[in-house]
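Next up, structure_21.pdb (PDB, N, CA and C atoms, pLDDT in the B column):
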MODEL        1
ATOM      1  N   MET Z  25      12.101   1.002  10.123  1.00 83.00           N
ATOM      2  CA  MET Z  25      11.722  -0.130  10.917  1.00 83.00           C
ATOM      3  C   MET Z  25      11.802   0.241  12.401  1.00 83.00           C
ATOM      4  N   ALA Z  26      12.879   0.872  12.808  1.00 86.00           N
ATOM      5  CA  ALA Z  26      13.023   1.270  14.212  1.00 86.00           C
ATOM      6  C   ALA Z  26      11.906   2.220  14.619  1.00 86.00           C
ATOM      7  N   GLN Z  27      11.529   3.113  13.720  1.00 89.00           N
ATOM      8  CA  GLN Z  27      10.457   4.075  14.000  1.00 89.00           C
ATOM      9  C   GLN Z  27       9.145   3.347  14.272  1.00 89.00           C
ATOM     10  N   ALA Z  28       8.809   2.351  13.453  1.00 87.00           N
ATOM     11  CA  ALA Z  28       7.559   1.606  13.619  1.00 87.00           C
ATOM     12  C   ALA Z  28       7.578   0.795  14.917  1.00 87.00           C
ATOM     13  N   ILE Z  29       8.701   0.183  15.249  1.00 88.00           N
ATOM     14  CA  ILE Z  29       8.807  -0.603  16.485  1.00 88.00           C
ATOM     15  C   ILE Z  29       8.734   0.324  17.698  1.00 88.00           C
ATOM     16  N   GLY Z  30       9.466   1.434  17.647  1.00 90.00           N
ATOM     17  CA  GLY Z  30       9.426   2.393  18.748  1.00 90.00           C
ATOM     18  C   GLY Z  30       8.021   2.926  18.974  1.00 90.00           C
ATOM     19  N   GLN Z  31       7.336   3.243  17.895  1.00 88.00           N
ATOM     20  CA  GLN Z  31       5.964   3.742  17.996  1.00 88.00           C
ATOM     21  C   GLN Z  31       5.056   2.677  18.603  1.00 88.00           C
ATOM     22  N   GLY Z  32       5.222   1.437  18.159  1.00 88.00           N
ATOM     23  CA  GLY Z  32       4.405   0.351  18.684  1.00 88.00           C
ATOM     24  C   GLY Z  32       4.630   0.106  20.167  1.00 88.00           C
ATOM     25  N   LEU Z  33       5.852   0.326  20.625  1.00 89.00           N
ATOM     26  CA  LEU Z  33       6.189   0.111  22.031  1.00 89.00           C
ATOM     27  C   LEU Z  33       6.042   1.381  22.870  1.00 89.00           C
ATOM     28  N   GLY Z  34       5.730   2.491  22.204  1.00 91.00           N
ATOM     29  CA  GLY Z  34       5.604   3.755  22.918  1.00 91.00           C
ATOM     30  C   GLY Z  34       6.937   4.279  23.414  1.00 91.00           C
ATOM     31  N   LEU Z  35       7.997   4.019  22.654  1.00 93.00           N
ATOM     32  CA  LEU Z  35       9.344   4.454  23.033  1.00 93.00           C
ATOM     33  C   LEU Z  35       9.862   5.480  22.037  1.00 93.00           C
ATOM     34  N   PRO Z  36      10.656   6.434  22.511  1.00 95.00           N
ATOM     35  CA  PRO Z  36      11.234   7.407  21.584  1.00 95.00           C
ATOM     36  C   PRO Z  36      12.317   6.756  20.724  1.00 95.00           C
ATOM     37  N   VAL Z  37      12.455   7.247  19.523  1.00 94.00           N
ATOM     38  CA  VAL Z  37      13.471   6.747  18.588  1.00 94.00           C
ATOM     39  C   VAL Z  37      14.276   7.944  18.105  1.00 94.00           C
ATOM     40  N   VAL Z  38      15.585   7.807  18.077  1.00 94.00           N
ATOM     41  CA  VAL Z  38      16.440   8.880  17.582  1.00 94.00           C
ATOM     42  C   VAL Z  38      17.359   8.331  16.499  1.00 94.00           C
ATOM     43  N   ALA Z  39      17.708   9.184  15.556  1.00 92.00           N
ATOM     44  CA  ALA Z  39      18.668   8.815  14.520  1.00 92.00           C
ATOM     45  C   ALA Z  39      20.070   9.109  15.049  1.00 92.00           C
ATOM     46  N   LEU Z  40      20.978   8.169  14.827  1.00 90.00           N
ATOM     47  CA  LEU Z  40      22.361   8.341  15.266  1.00 90.00           C
ATOM     48  C   LEU Z  40      23.300   8.280  14.067  1.00 90.00           C
ATOM     49  N   SER Z  41      24.360   9.057  14.128  1.00 90.00           N
ATOM     50  CA  SER Z  41      25.404   8.948  13.111  1.00 90.00           C
ATOM     51  C   SER Z  41      26.088   7.594  13.276  1.00 90.00           C
ATOM     52  N   THR Z  42      26.834   7.185  12.290  1.00 87.00           N
ATOM     53  CA  THR Z  42      27.558   5.915  12.370  1.00 87.00           C
ATOM     54  C   THR Z  42      28.473   5.893  13.586  1.00 87.00           C
ATOM     55  N   GLU Z  43      29.156   6.991  13.829  1.00 91.00           N
ATOM     56  CA  GLU Z  43      30.077   7.065  14.963  1.00 91.00           C
ATOM     57  C   GLU Z  43      29.328   6.991  16.297  1.00 91.00           C
ATOM     58  N   ASP Z  44      28.220   7.715  16.412  1.00 93.00           N
ATOM     59  CA  ASP Z  44      27.444   7.696  17.652  1.00 93.00           C
ATOM     60  C   ASP Z  44      26.817   6.325  17.880  1.00 93.00           C
ATOM     61  N   ALA Z  45      26.365   5.677  16.807  1.00 89.00           N
ATOM     62  CA  ALA Z  45      25.792   4.333  16.943  1.00 89.00           C
ATOM     63  C   ALA Z  45      26.857   3.351  17.420  1.00 89.00           C
ATOM     64  N   ALA Z  46      28.059   3.456  16.885  1.00 92.00           N
ATOM     65  CA  ALA Z  46      29.154   2.569  17.305  1.00 92.00           C
ATOM     66  C   ALA Z  46      29.475   2.788  18.777  1.00 92.00           C
ATOM     67  N   ALA Z  47      29.479   4.042  19.220  1.00 94.00           N
ATOM     68  CA  ALA Z  47      29.764   4.339  20.622  1.00 94.00           C
ATOM     69  C   ALA Z  47      28.646   3.816  21.530  1.00 94.00           C
ATOM     70  N   HIS Z  48      27.407   3.927  21.064  1.00 92.00           N
ATOM     71  CA  HIS Z  48      26.257   3.508  21.875  1.00 92.00           C
ATOM     72  C   HIS Z  48      26.108   1.988  21.931  1.00 92.00           C
ATOM     73  N   PHE Z  49      26.210   1.321  20.780  1.00 91.00           N
ATOM     74  CA  PHE Z  49      25.935  -0.113  20.708  1.00 91.00           C
ATOM     75  C   PHE Z  49      27.182  -0.992  20.845  1.00 91.00           C
ATOM     76  N   GLY Z  50      28.365  -0.382  20.802  1.00 94.00           N
ATOM     77  CA  GLY Z  50      29.593  -1.161  20.941  1.00 94.00           C
ATOM     78  C   GLY Z  50      29.751  -2.165  19.808  1.00 94.00           C
ATOM     79  N   TRP Z  51      30.129  -3.419  20.161  1.00 93.00           N
ATOM     80  CA  TRP Z  51      30.394  -4.453  19.154  1.00 93.00           C
ATOM     81  C   TRP Z  51      29.152  -4.789  18.319  1.00 93.00           C
ATOM     82  N   LEU Z  52      27.965  -4.545  18.851  1.00 92.00           N
ATOM     83  CA  LEU Z  52      26.743  -4.881  18.135  1.00 92.00           C
ATOM     84  C   LEU Z  52      26.478  -3.951  16.947  1.00 92.00           C
ATOM     85  N   ALA Z  53      27.095  -2.785  16.947  1.00 89.00           N
ATOM     86  CA  ALA Z  53      26.866  -1.814  15.876  1.00 89.00           C
ATOM     87  C   ALA Z  53      27.294  -2.352  14.518  1.00 89.00           C
ATOM     88  N   PHE Z  54      28.399  -3.084  14.464  1.00 87.00           N
ATOM     89  CA  PHE Z  54      28.904  -3.575  13.174  1.00 87.00           C
ATOM     90  C   PHE Z  54      27.924  -4.536  12.494  1.00 87.00           C
ATOM     91  N   PRO Z  55      27.515  -5.639  13.130  1.00 87.00           N
ATOM     92  CA  PRO Z  55      26.603  -6.542  12.423  1.00 87.00           C
ATOM     93  C   PRO Z  55      25.232  -5.925  12.138  1.00 87.00           C
ATOM     94  N   VAL Z  56      24.775  -5.036  13.016  1.00 81.00           N
ATOM     95  CA  VAL Z  56      23.467  -4.410  12.795  1.00 81.00           C
ATOM     96  C   VAL Z  56      23.513  -3.460  11.598  1.00 81.00           C
ATOM     97  N   ALA Z  57      24.635  -2.800  11.392  1.00 83.00           N
ATOM     98  CA  ALA Z  57      24.765  -1.833  10.301  1.00 83.00           C
ATOM     99  C   ALA Z  57      24.982  -2.482   8.939  1.00 83.00           C
ATOM    100  N   MET Z  58      25.284  -3.773   8.913  1.00 85.00           N
ATOM    101  CA  MET Z  58      25.551  -4.451   7.637  1.00 85.00           C
ATOM    102  C   MET Z  58      24.268  -4.586   6.822  1.00 85.00           C
ATOM    103  N   ALA Z  59      24.390  -4.472   5.530  1.00 84.00           N
ATOM    104  CA  ALA Z  59      23.259  -4.709   4.643  1.00 84.00           C
ATOM    105  C   ALA Z  59      23.009  -6.209   4.581  1.00 84.00           C
ATOM    106  N   ALA Z  60      21.776  -6.606   4.761  1.00 84.00           N
ATOM    107  CA  ALA Z  60      21.441  -8.018   4.752  1.00 84.00           C
ATOM    108  C   ALA Z  60      20.149  -8.231   3.960  1.00 84.00           C
ATOM    109  N   PRO Z  61      20.255  -8.192   2.630  1.00 85.00           N
ATOM    110  CA  PRO Z  61      19.058  -8.382   1.824  1.00 85.00           C
ATOM    111  C   PRO Z  61      18.453  -9.763   2.078  1.00 85.00           C
ATOM    112  N   ALA Z  62      17.142  -9.836   2.022  1.00 83.00           N
ATOM    113  CA  ALA Z  62      16.446 -11.092   2.290  1.00 83.00           C
ATOM    114  C   ALA Z  62      15.393 -11.348   1.213  1.00 83.00           C
ATOM    115  N   SER Z  63      15.023 -12.591   1.085  1.00 86.00           N
ATOM    116  CA  SER Z  63      14.030 -12.980   0.099  1.00 86.00           C
ATOM    117  C   SER Z  63      13.165 -14.097   0.676  1.00 86.00           C
ATOM    118  N   SER Z  64      11.923 -14.146   0.258  1.00 85.00           N
ATOM    119  CA  SER Z  64      11.028 -15.215   0.693  1.00 85.00           C
ATOM    120  C   SER Z  64      11.006 -16.374  -0.303  1.00 85.00           C
ATOM    121  N   ALA Z  65      11.885 -16.338  -1.299  1.00 91.00           N
ATOM    122  CA  ALA Z  65      11.866 -17.348  -2.363  1.00 91.00           C
ATOM    123  C   ALA Z  65      12.013 -18.769  -1.822  1.00 91.00           C
ATOM    124  N   LEU Z  66      12.931 -18.996  -0.883  1.00 90.00           N
ATOM    125  CA  LEU Z  66      13.142 -20.340  -0.340  1.00 90.00           C
ATOM    126  C   LEU Z  66      11.918 -20.810   0.450  1.00 90.00           C
ATOM    127  N   THR Z  67      11.336 -19.929   1.239  1.00 87.00           N
ATOM    128  CA  THR Z  67      10.122 -20.269   1.985  1.00 87.00           C
ATOM    129  C   THR Z  67       8.998 -20.621   1.028  1.00 87.00           C
ATOM    130  N   GLN Z  68       8.842 -19.825  -0.010  1.00 89.00           N
ATOM    131  CA  GLN Z  68       7.790 -20.099  -0.988  1.00 89.00           C
ATOM    132  C   GLN Z  68       8.006 -21.455  -1.654  1.00 89.00           C
ATOM    133  N   GLN Z  69       9.247 -21.750  -2.003  1.00 92.00           N
ATOM    134  CA  GLN Z  69       9.569 -23.005  -2.673  1.00 92.00           C
ATOM    135  C   GLN Z  69       9.341 -24.199  -1.754  1.00 92.00           C
ATOM    136  N   ARG Z  70       9.851 -24.140  -0.539  1.00 93.00           N
ATOM    137  CA  ARG Z  70       9.767 -25.284   0.378  1.00 93.00           C
ATOM    138  C   ARG Z  70       8.364 -25.530   0.910  1.00 93.00           C
ATOM    139  N   LEU Z  71       7.620 -24.466   1.170  1.00 91.00           N
ATOM    140  CA  LEU Z  71       6.307 -24.619   1.790  1.00 91.00           C
ATOM    141  C   LEU Z  71       5.146 -24.426   0.825  1.00 91.00           C
ATOM    142  N   GLY Z  72       5.461 -24.087  -0.411  1.00 90.00           N
ATOM    143  CA  GLY Z  72       4.398 -23.831  -1.375  1.00 90.00           C
ATOM    144  C   GLY Z  72       3.570 -22.615  -0.981  1.00 90.00           C
ATOM    145  N   TRP Z  73       4.195 -21.679  -0.268  1.00 85.00           N
ATOM    146  CA  TRP Z  73       3.511 -20.485   0.232  1.00 85.00           C
ATOM    147  C   TRP Z  73       3.652 -19.342  -0.752  1.00 85.00           C
ATOM    148  N   ARG Z  74       2.615 -18.585  -0.916  1.00 84.00           N
ATOM    149  CA  ARG Z  74       2.645 -17.391  -1.755  1.00 84.00           C
ATOM    150  C   ARG Z  74       2.040 -16.241  -0.964  1.00 84.00           C
ATOM    151  N   PRO Z  75       2.705 -15.100  -0.920  1.00 80.00           N
ATOM    152  CA  PRO Z  75       2.138 -13.967  -0.182  1.00 80.00           C
ATOM    153  C   PRO Z  75       0.861 -13.470  -0.839  1.00 80.00           C
ATOM    154  N   ALA Z  76      -0.075 -13.056  -0.023  1.00 79.00           N
ATOM    155  CA  ALA Z  76      -1.327 -12.502  -0.536  1.00 79.00           C
ATOM    156  C   ALA Z  76      -1.173 -10.988  -0.629  1.00 79.00           C
ATOM    157  N   GLY Z  77      -1.411 -10.421  -1.764  1.00 74.00           N
ATOM    158  CA  GLY Z  77      -1.294  -8.978  -1.934  1.00 74.00           C
ATOM    159  C   GLY Z  77       0.152  -8.538  -2.004  1.00 74.00           C
ATOM    160  N   GLN Z  78       0.352  -7.267  -1.815  1.00 73.00           N
ATOM    161  CA  GLN Z  78       1.691  -6.689  -1.855  1.00 73.00           C
ATOM    162  C   GLN Z  78       2.357  -6.840  -0.489  1.00 73.00           C
ATOM    163  N   PRO Z  79       3.608  -7.276  -0.463  1.00 67.00           N
ATOM    164  CA  PRO Z  79       4.310  -7.339   0.817  1.00 67.00           C
ATOM    165  C   PRO Z  79       4.501  -5.932   1.373  1.00 67.00           C
ATOM    166  N   GLY Z  80       4.372  -5.796   2.658  1.00 80.00           N
ATOM    167  CA  GLY Z  80       4.538  -4.492   3.289  1.00 80.00           C
ATOM    168  C   GLY Z  80       4.919  -4.636   4.749  1.00 80.00           C
ATOM    169  N   PHE Z  81       6.174  -4.924   5.014  1.00 81.00           N
ATOM    170  CA  PHE Z  81       6.642  -5.184   6.364  1.00 81.00           C
ATOM    171  C   PHE Z  81       6.364  -4.013   7.298  1.00 81.00           C
ATOM    172  N   LEU Z  82       6.666  -2.797   6.854  1.00 83.00           N
ATOM    173  CA  LEU Z  82       6.451  -1.636   7.718  1.00 83.00           C
ATOM    174  C   LEU Z  82       4.968  -1.430   7.996  1.00 83.00           C
ATOM    175  N   ASP Z  83       4.131  -1.621   7.005  1.00 82.00           N
ATOM    176  CA  ASP Z  83       2.691  -1.520   7.205  1.00 82.00           C
ATOM    177  C   ASP Z  83       2.219  -2.580   8.195  1.00 82.00           C
ATOM    178  N   ASP Z  84       2.754  -3.794   8.074  1.00 82.00           N
ATOM    179  CA  ASP Z  84       2.415  -4.861   9.017  1.00 82.00           C
ATOM    180  C   ASP Z  84       2.808  -4.472  10.445  1.00 82.00           C
ATOM    181  N   LEU Z  85       4.005  -3.907  10.612  1.00 82.00           N
ATOM    182  CA  LEU Z  85       4.451  -3.484  11.938  1.00 82.00           C
ATOM    183  C   LEU Z  85       3.545  -2.402  12.517  1.00 82.00           C
ATOM    184  N   GLU Z  86       3.189  -1.443  11.677  1.00 82.00           N
ATOM    185  CA  GLU Z  86       2.372  -0.326  12.140  1.00 82.00           C
ATOM    186  C   GLU Z  86       0.968  -0.766  12.543  1.00 82.00           C
ATOM    187  N   HIS Z  87       0.480  -1.878  12.010  1.00 80.00           N
ATOM    188  CA  HIS Z  87      -0.864  -2.365  12.315  1.00 80.00           C
ATOM    189  C   HIS Z  87      -0.832  -3.672  13.112  1.00 80.00           C
ATOM    190  N   SER Z  88       0.294  -3.979  13.685  1.00 81.00           N
ATOM    191  CA  SER Z  88       0.464  -5.238  14.405  1.00 81.00           C
ATOM    192  C   SER Z  88      -0.153  -5.189  15.799  1.00 81.00           C
ATOM    193  N   HIS Z  89      -0.631  -6.326  16.251  1.00 83.00           N
ATOM    194  CA  HIS Z  89      -1.110  -6.462  17.624  1.00 83.00           C
ATOM    195  C   HIS Z  89      -0.003  -7.018  18.521  1.00 83.00           C
ATOM    196  N   ALA Z  90       1.187  -7.206  17.964  1.00 81.00           N
ATOM    197  CA  ALA Z  90       2.310  -7.762  18.717  1.00 81.00           C
ATOM    198  C   ALA Z  90       2.754  -6.824  19.838  1.00 81.00           C
ATOM    199  N   PHE Z  91       2.427  -5.551  19.727  1.00 83.00           N
ATOM    200  CA  PHE Z  91       2.843  -4.585  20.736  1.00 83.00           C
ATOM    201  C   PHE Z  91       1.781  -4.396  21.824  1.00 83.00           C
ATOM    202  N   SER Z  92       0.697  -5.147  21.750  1.00 80.00           N
ATOM    203  CA  SER Z  92      -0.376  -5.039  22.748  1.00 80.00           C
ATOM    204  C   SER Z  92      -0.108  -6.025  23.869  1.00 80.00           C
ATOM    205  N   PHE Z  93       0.352  -5.505  24.964  1.00 73.00           N
ATOM    206  CA  PHE Z  93       0.592  -6.369  26.111  1.00 73.00           C
ATOM    207  C   PHE Z  93       0.275  -5.655  27.383  1.00 73.00           C
TER     208      PHE Z  93
ENDMDL
END
Take the structure in this file and express it as structure tokens.
Amino acid sequence: MAQAIGQGLGLPVVALSTEDAAAHFGWLAFPVAMAAPASSALTQQRLGWRPAGQPGFLDDLEHSHAFSF
């Protein structure tokens, strides 16, 4: 995900070890590193929405116009 966002913004992205990430991001490293599985089930139920085709968040990011500014 970071790679796709960095590419979209034209920014370099580097991989950091857990220790280096903690040193770089400080208190923010802990919540960002936590696993947070997500589901669209509640959205689908409440809004009657169904995704069209296969979900592909990274593909969406790579082809997004959100980075055009």
task = Name the residues that the PyMOL selection byres (((chain Z and resi 93 and name CA) around 12) and name CA) picks from the file above, as a count of residues only, using the file's chain letters and numbers.
result = 8
Once 3 Å is added on each side, what are the centre and the three edge lengths, in Å to one decimal, of the axis-aligned box enclosing the listed atoms of range 37-56 of chain Z? Present them as lines of an AutoDock Vina configuration file.
center_x = 21.4
center_y = 1.3
center_z = 16.8
size_x = 23.9
size_y = 21.7
size_z = 16.3
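Going from CA of Leu85 in chain Z to CA of Ala60 in chain Z covers 19.0 Å.
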**Prompt:** In Å, with one decimal, what is the gap from CA of Gly30 in chain Z to CA of His87 in chain Z?
**Reply:**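 Distance between the two atoms: 13.0 Å.
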As a ChimeraX atom specification, please: every residue in chain Z that DSSP puts in helix (DSSP H, G or I).
/Z:26-33,42-57,65-71,81-86
Using all atoms listed in the file, the shortest atom-to-atom distance to Gln27 in chain Z among Z:Ser41, Z:Ala65, Z:Glu86, Z:Gly50 belongs to Z:Glu86
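You can rank Z:Thr67, Z:Pro61, Z:Trp51, Z:Met25 by their closest distance to Phe81 in chain Z using all atoms listed in the file, and at the top of that list sits Z:Met25.
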Subject >> Two-atom distance - atom N of Ala28 in chain Z, CA of Leu82 in chain Z (Å) >> reply: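 That distance, rounded to one decimal, is 7.4 Å.
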Can you sort out range 28-39 of chain Z so it carries all heavy atoms, written as a PDB file, in the frame of the given file?
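Writing the result to selection27.pdb gives the following:
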ATOM      1  N   ALA Z  28       8.809   2.351  13.453  1.00 87.00           N
ATOM      2  CA  ALA Z  28       7.559   1.606  13.619  1.00 87.00           C
ATOM      3  C   ALA Z  28       7.578   0.795  14.917  1.00 87.00           C
ATOM      4  O   ALA Z  28       6.573   0.729  15.629  1.00 87.00           O
ATOM      5  CB  ALA Z  28       7.329   0.697  12.416  1.00 87.00           C
ATOM      6  N   ILE Z  29       8.701   0.183  15.249  1.00 88.00           N
ATOM      7  CA  ILE Z  29       8.807  -0.603  16.485  1.00 88.00           C
ATOM      8  C   ILE Z  29       8.734   0.324  17.698  1.00 88.00           C
ATOM      9  O   ILE Z  29       8.022   0.044  18.665  1.00 88.00           O
ATOM     10  CB  ILE Z  29      10.097  -1.440  16.495  1.00 88.00           C
ATOM     11  CG1 ILE Z  29      10.017  -2.519  15.404  1.00 88.00           C
ATOM     12  CG2 ILE Z  29      10.328  -2.066  17.864  1.00 88.00           C
ATOM     13  CD1 ILE Z  29      11.319  -3.252  15.158  1.00 88.00           C
ATOM     14  N   GLY Z  30       9.466   1.434  17.647  1.00 90.00           N
ATOM     15  CA  GLY Z  30       9.426   2.393  18.748  1.00 90.00           C
ATOM     16  C   GLY Z  30       8.021   2.926  18.974  1.00 90.00           C
ATOM     17  O   GLY Z  30       7.560   3.035  20.114  1.00 90.00           O
ATOM     18  N   GLN Z  31       7.336   3.243  17.895  1.00 88.00           N
ATOM     19  CA  GLN Z  31       5.964   3.742  17.996  1.00 88.00           C
ATOM     20  C   GLN Z  31       5.056   2.677  18.603  1.00 88.00           C
ATOM     21  O   GLN Z  31       4.245   2.970  19.474  1.00 88.00           O
ATOM     22  CB  GLN Z  31       5.453   4.150  16.619  1.00 88.00           C
ATOM     23  CG  GLN Z  31       4.081   4.768  16.635  1.00 88.00           C
ATOM     24  CD  GLN Z  31       3.656   5.241  15.252  1.00 88.00           C
ATOM     25  OE1 GLN Z  31       4.364   5.067  14.268  1.00 88.00           O
ATOM     26  NE2 GLN Z  31       2.491   5.840  15.175  1.00 88.00           N
ATOM     27  N   GLY Z  32       5.222   1.437  18.159  1.00 88.00           N
ATOM     28  CA  GLY Z  32       4.405   0.351  18.684  1.00 88.00           C
ATOM     29  C   GLY Z  32       4.630   0.106  20.167  1.00 88.00           C
ATOM     30  O   GLY Z  32       3.710  -0.262  20.896  1.00 88.00           O
ATOM     31  N   LEU Z  33       5.852   0.326  20.625  1.00 89.00           N
ATOM     32  CA  LEU Z  33       6.189   0.111  22.031  1.00 89.00           C
ATOM     33  C   LEU Z  33       6.042   1.381  22.870  1.00 89.00           C
ATOM     34  O   LEU Z  33       6.238   1.352  24.084  1.00 89.00           O
ATOM     35  CB  LEU Z  33       7.626  -0.410  22.155  1.00 89.00           C
ATOM     36  CG  LEU Z  33       7.872  -1.801  21.583  1.00 89.00           C
ATOM     37  CD1 LEU Z  33       9.355  -2.133  21.610  1.00 89.00           C
ATOM     38  CD2 LEU Z  33       7.074  -2.847  22.361  1.00 89.00           C
ATOM     39  N   GLY Z  34       5.730   2.491  22.204  1.00 91.00           N
ATOM     40  CA  GLY Z  34       5.604   3.755  22.918  1.00 91.00           C
ATOM     41  C   GLY Z  34       6.937   4.279  23.414  1.00 91.00           C
ATOM     42  O   GLY Z  34       7.011   4.912  24.466  1.00 91.00           O
ATOM     43  N   LEU Z  35       7.997   4.019  22.654  1.00 93.00           N
ATOM     44  CA  LEU Z  35       9.344   4.454  23.033  1.00 93.00           C
ATOM     45  C   LEU Z  35       9.862   5.480  22.037  1.00 93.00           C
ATOM     46  O   LEU Z  35       9.587   5.394  20.845  1.00 93.00           O
ATOM     47  CB  LEU Z  35      10.301   3.254  23.047  1.00 93.00           C
ATOM     48  CG  LEU Z  35       9.971   2.145  24.040  1.00 93.00           C
ATOM     49  CD1 LEU Z  35      10.873   0.946  23.799  1.00 93.00           C
ATOM     50  CD2 LEU Z  35      10.127   2.665  25.455  1.00 93.00           C
ATOM     51  N   PRO Z  36      10.656   6.434  22.511  1.00 95.00           N
ATOM     52  CA  PRO Z  36      11.234   7.407  21.584  1.00 95.00           C
ATOM     53  C   PRO Z  36      12.317   6.756  20.724  1.00 95.00           C
ATOM     54  O   PRO Z  36      12.984   5.825  21.159  1.00 95.00           O
ATOM     55  CB  PRO Z  36      11.844   8.463  22.510  1.00 95.00           C
ATOM     56  CG  PRO Z  36      12.098   7.749  23.786  1.00 95.00           C
ATOM     57  CD  PRO Z  36      11.038   6.686  23.900  1.00 95.00           C
ATOM     58  N   VAL Z  37      12.455   7.247  19.523  1.00 94.00           N
ATOM     59  CA  VAL Z  37      13.471   6.747  18.588  1.00 94.00           C
ATOM     60  C   VAL Z  37      14.276   7.944  18.105  1.00 94.00           C
ATOM     61  O   VAL Z  37      13.701   8.983  17.782  1.00 94.00           O
ATOM     62  CB  VAL Z  37      12.812   6.027  17.384  1.00 94.00           C
ATOM     63  CG1 VAL Z  37      13.849   5.586  16.375  1.00 94.00           C
ATOM     64  CG2 VAL Z  37      11.988   4.852  17.859  1.00 94.00           C
ATOM     65  N   VAL Z  38      15.585   7.807  18.077  1.00 94.00           N
ATOM     66  CA  VAL Z  38      16.440   8.880  17.582  1.00 94.00           C
ATOM     67  C   VAL Z  38      17.359   8.331  16.499  1.00 94.00           C
ATOM     68  O   VAL Z  38      17.724   7.156  16.512  1.00 94.00           O
ATOM     69  CB  VAL Z  38      17.293   9.521  18.697  1.00 94.00           C
ATOM     70  CG1 VAL Z  38      16.407  10.170  19.740  1.00 94.00           C
ATOM     71  CG2 VAL Z  38      18.198   8.519  19.353  1.00 94.00           C
ATOM     72  N   ALA Z  39      17.708   9.184  15.556  1.00 92.00           N
ATOM     73  CA  ALA Z  39      18.668   8.815  14.520  1.00 92.00           C
ATOM     74  C   ALA Z  39      20.070   9.109  15.049  1.00 92.00           C
ATOM     75  O   ALA Z  39      20.299  10.142  15.667  1.00 92.00           O
ATOM     76  CB  ALA Z  39      18.408   9.613  13.254  1.00 92.00           C
TER      77      ALA Z  39
END
